[in-house]
Each structure stands twice: as C-alpha cells, then as structure tokens.
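Remarks on the structure that follows.
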Amino acid sequence: MAQQNYWQHKTLEQMTELEWERLCDGCGKCCLNKVIDDETDELFFTNVACSQLNTKSGQCKNYANRFKLVPDCFKVTLANRDSFGWLPASCAYRLLDEGKELPSWHPLIVGSAKEMHRLGQSVRGKVIDEKQAGDLEDHVVYWPLQFEP
C-alpha cells in the first residue's frame with residue numbers, strides 16, 4: 001500500500017511506479033486531441049477525445065495496449081518531463097513538477113474521482129468521439145487549461 005500523502009514528501013524521481021501511476025486523476029484531459037498553430041507553435045486543446053478514452057470514467061479503454069492502438073499516444077515519464085507543459089493545467093505530474101500542490105478535489109486527497117467529476121474537472125459530458133469530429137480546428141476549447149485548485 002502506498003504511503004499516505006507520499007506526493008508531499010517525495011520528489012517525482014523518488015516515487016515508485018505504483019505511486020507514479022496513482023498521481024493520474026483520471027480526468028481524461030490529456031487524451032483530448034490537440035492542434036498546434038503552424039505559425040506560432042501554440043498548442044490548443046479540442047473537445048475531441050481519443051477513440052480509446054472511456055469518456056465516463058476518464059480511463060483508457062485498453063491501457064495495456066494503448067501504444068499499439070494509438071501510435072502517437074504520449075507516455076508521461078520523467079524522461080519527457082520537458083514536455084509536461086502540454087499537459088492540462090490540473091495534471092498532477094505537471095503541478096508537482098512545477099512545485100505546486102495537488103488540487104483539493106484530486107482523488108488522492110478525497111479518496112475517489114467523484115468530486116473531480118462533480119466539479120467539472122474531467123472530460124465527462126464535454127467531449128465527442130474523434131470519428132465524429134471532422135476538422136479538429138473546429139473543436140478548440142479552453143476548459144482543459146482552467147481549473148479550481
């Protein structure tokens with residue numbers, strides 16, 4: 001069993017694999033398709049979900065095989081921490097890497113994802129399947145970058 005509040009006294013480098021995985025709140029925001037402005041290199045989130053995202057739970061439908069099913073799926077690791085800036089503002093990996101606290105609604109703090117969903121901090125009820133989307137540029141949204149700590 002992971003030590004209670006381990007994220008408050010361990011660095012990301014010190015965490016076990018299980019502790020690292022538990023940091024993910026299951027919001028599903030990182031599984032949204034993104035577009036990059038060709039002229040400015042600015043990253044924009046869309047409300048278009050990866051086909052492997054369970055939009056109710058915020059979890060990958062096939063986590064073990066996600067890289068085979070979605071070749072451009074991004075694995076969040078310490079080796080690519082210089083890319084954490086593309087993660088949603090509420091992402092625990094990004095927050096802890098920036099020296100910030102987990103939000104008060106994070107499942108590690110409140111014990112389940114229920115509060116996160118209740119407060120609208122997940123993709124639940126906000127996204128469409130990528131098979132129905134058409135042009136991603138038509139689906140840019142800003143809510144993945146906003147959150148209540």
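So you can find residues: chains in the structure tokens are A, B, ... in the order shown, residues in each start at 1, and ligands are numbered from 1 in order.
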Per-residue DSSP, region 3-146 of chain A, filtered to alpha helix (DSSP H), as a PyMOL selection string: chain A and resi 6-9+17-22+66-69+92-97+107-110+114-118
Gap from CA of Lys61 (chain A) to CA of Glu101 (chain A) - Å, one decimal: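 Taking CA of Lys61 (chain A) as the start and CA of Glu101 (chain A) as the end point, the length is 28.7 Å.
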Counting only C-alpha atoms, the residue of A:Lys114, A:Arg66, A:Lys34, A:His106 that sits nearest Asn5 (chain A): A:His106
Two-atom distance - CA of Ile109 (chain A), CA of Leu32 (chain A) (Å):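 Going from CA of Ile109 (chain A) over to CA of Leu32 (chain A) covers 24.6 Å.
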Top pick for closest residue to His139 (chain A), considering A:Val110, A:Ala49, A:Leu102, A:Cys60 and counting only C-alpha atoms: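 Among A:Val110, A:Ala49, A:Leu102, A:Cys60, it is A:Ala49 that comes nearest to His139 (chain A).
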Contact residues around Met15 (chain A) with only C-alpha atoms at 12 Å, ignoring same-chain residues under 5 positions, as a ChimeraX atom specification: /A:2-3,5-10,20-23,77-78,93,96
Residues near Val140 (chain A), cut-off 9 Å, only C-alpha atoms, skip fewer than 6 positions along chain, as a PyMOL selection string: chain A and resi 34-35+44-48
Exercise: Ser90 (chain A) partners within 9 Å, only C-alpha atoms, chain neighbours under 6 positions left out, as a list of chain:residue names: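 The residues that qualify are A:Leu102, A:Pro103, A:Gln121, A:Pro144, A:Leu145, A:Gln146, A:Phe147, A:Glu148, A:Pro149.
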Using backbone DSSP assignments, extract all strand (DSSP E or B) residues from chain A; output them as a short mmCIF file (atom, residue, chain, number, x, y, z; two decimals) with N, CA and C atoms, in the first residue's frame.
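Output (states28.cif):
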data_model
loop_
_atom_site.label_atom_id
_atom_site.label_comp_id
_atom_site.auth_asym_id
_atom_site.auth_seq_id
_atom_site.Cartn_x
_atom_site.Cartn_y
_atom_site.Cartn_z
N LEU A 32 -7.32 14.21 -24.94
CA LEU A 32 -8.01 15.03 -25.93
C LEU A 32 -7.06 15.31 -27.09
N ASN A 33 -7.59 15.31 -28.30
CA ASN A 33 -6.78 15.68 -29.45
C ASN A 33 -6.40 17.15 -29.33
N LYS A 34 -5.22 17.45 -29.81
CA LYS A 34 -4.71 18.81 -29.75
C LYS A 34 -4.31 19.27 -31.14
N VAL A 35 -4.29 20.57 -31.34
CA VAL A 35 -3.80 21.13 -32.59
C VAL A 35 -2.73 22.16 -32.24
N ILE A 36 -1.78 22.30 -33.14
CA ILE A 36 -0.70 23.26 -32.96
C ILE A 36 -0.77 24.26 -34.09
N LEU A 43 -0.12 25.51 -28.66
CA LEU A 43 -0.89 24.29 -28.53
C LEU A 43 -2.31 24.61 -28.09
N PHE A 44 -3.29 23.97 -28.73
CA PHE A 44 -4.69 24.15 -28.38
C PHE A 44 -5.33 22.80 -28.12
N PHE A 45 -6.10 22.72 -27.05
CA PHE A 45 -6.87 21.52 -26.75
C PHE A 45 -8.17 21.57 -27.56
N THR A 46 -8.69 20.39 -27.87
CA THR A 46 -10.00 20.30 -28.50
C THR A 46 -10.92 19.49 -27.59
N ASN A 47 -12.20 19.46 -27.95
CA ASN A 47 -13.14 18.62 -27.20
C ASN A 47 -13.33 17.28 -27.89
N VAL A 48 -12.33 16.87 -28.64
CA VAL A 48 -12.36 15.61 -29.38
C VAL A 48 -11.51 14.59 -28.64
N ALA A 49 -12.16 13.53 -28.18
CA ALA A 49 -11.49 12.51 -27.38
C ALA A 49 -10.87 11.42 -28.24
N LEU A 53 -10.52 6.47 -25.24
CA LEU A 53 -10.88 7.06 -23.95
C LEU A 53 -12.32 6.72 -23.57
N ASN A 54 -12.49 6.18 -22.38
CA ASN A 54 -13.82 5.99 -21.81
C ASN A 54 -14.19 7.35 -21.23
N GLN A 59 -10.76 6.97 -18.11
CA GLN A 59 -9.69 5.99 -18.22
C GLN A 59 -9.58 5.46 -19.66
N CYS A 60 -8.41 4.98 -19.99
CA CYS A 60 -8.19 4.38 -21.30
C CYS A 60 -8.92 3.03 -21.34
N ILE A 128 -16.55 14.79 -27.70
CA ILE A 128 -17.10 13.97 -28.76
C ILE A 128 -16.03 12.98 -29.21
N ASP A 129 -16.45 11.92 -29.85
CA ASP A 129 -15.55 10.89 -30.36
C ASP A 129 -14.83 11.42 -31.60
N VAL A 140 -11.71 23.56 -30.99
CA VAL A 140 -10.80 24.11 -29.97
C VAL A 140 -11.61 24.55 -28.75
N VAL A 141 -11.12 24.18 -27.56
CA VAL A 141 -11.75 24.56 -26.29
C VAL A 141 -10.67 25.02 -25.32
#
Nearest to Ala79 (chain A), chosen from A:Cys91, A:Ala64, A:Leu12, A:Ala133, with only C-alpha atoms counted in the distances: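 For Ala79 (chain A), the nearest of the candidates is A:Leu12.
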Nearest candidate to His117 (chain A) (options A:Phe67, A:Tyr142, A:Trp105, A:Trp86; using only C-alpha atoms):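 Nearest candidate to His117 (chain A) out of A:Phe67, A:Tyr142, A:Trp105, A:Trp86: A:Trp105.
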Counting only C-alpha atoms, what is within 10 Å of Ser83 (chain A), bar same-chain residues fewer than 6 positions away, as a short mmCIF file (atom, residue, chain, number, x, y, z; two decimals) with N, CA and C atoms, in the first residue's frame?
data_model
loop_
_atom_site.label_atom_id
_atom_site.label_comp_id
_atom_site.auth_asym_id
_atom_site.auth_seq_id
_atom_site.Cartn_x
_atom_site.Cartn_y
_atom_site.Cartn_z
N PHE A 74 1.00 9.48 -25.88
CA PHE A 74 2.16 10.02 -25.17
C PHE A 74 2.23 9.42 -23.78
N VAL A 76 3.58 9.66 -20.16
CA VAL A 76 4.13 10.66 -19.25
C VAL A 76 5.17 9.98 -18.35
N THR A 77 6.43 10.36 -18.56
CA THR A 77 7.53 9.81 -17.77
C THR A 77 8.49 10.94 -17.39
N ARG A 94 2.33 17.62 -13.88
CA ARG A 94 2.73 19.00 -14.19
C ARG A 94 2.78 19.84 -12.91
#
Nearest-residue call for Gly111 (chain A), choices A:Asp135, A:Asp25, A:Gln52, A:Asp37, using only C-alpha atoms: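 Comparing A:Asp135, A:Asp25, A:Gln52, A:Asp37 against Gly111 (chain A), the winner is A:Asp25.
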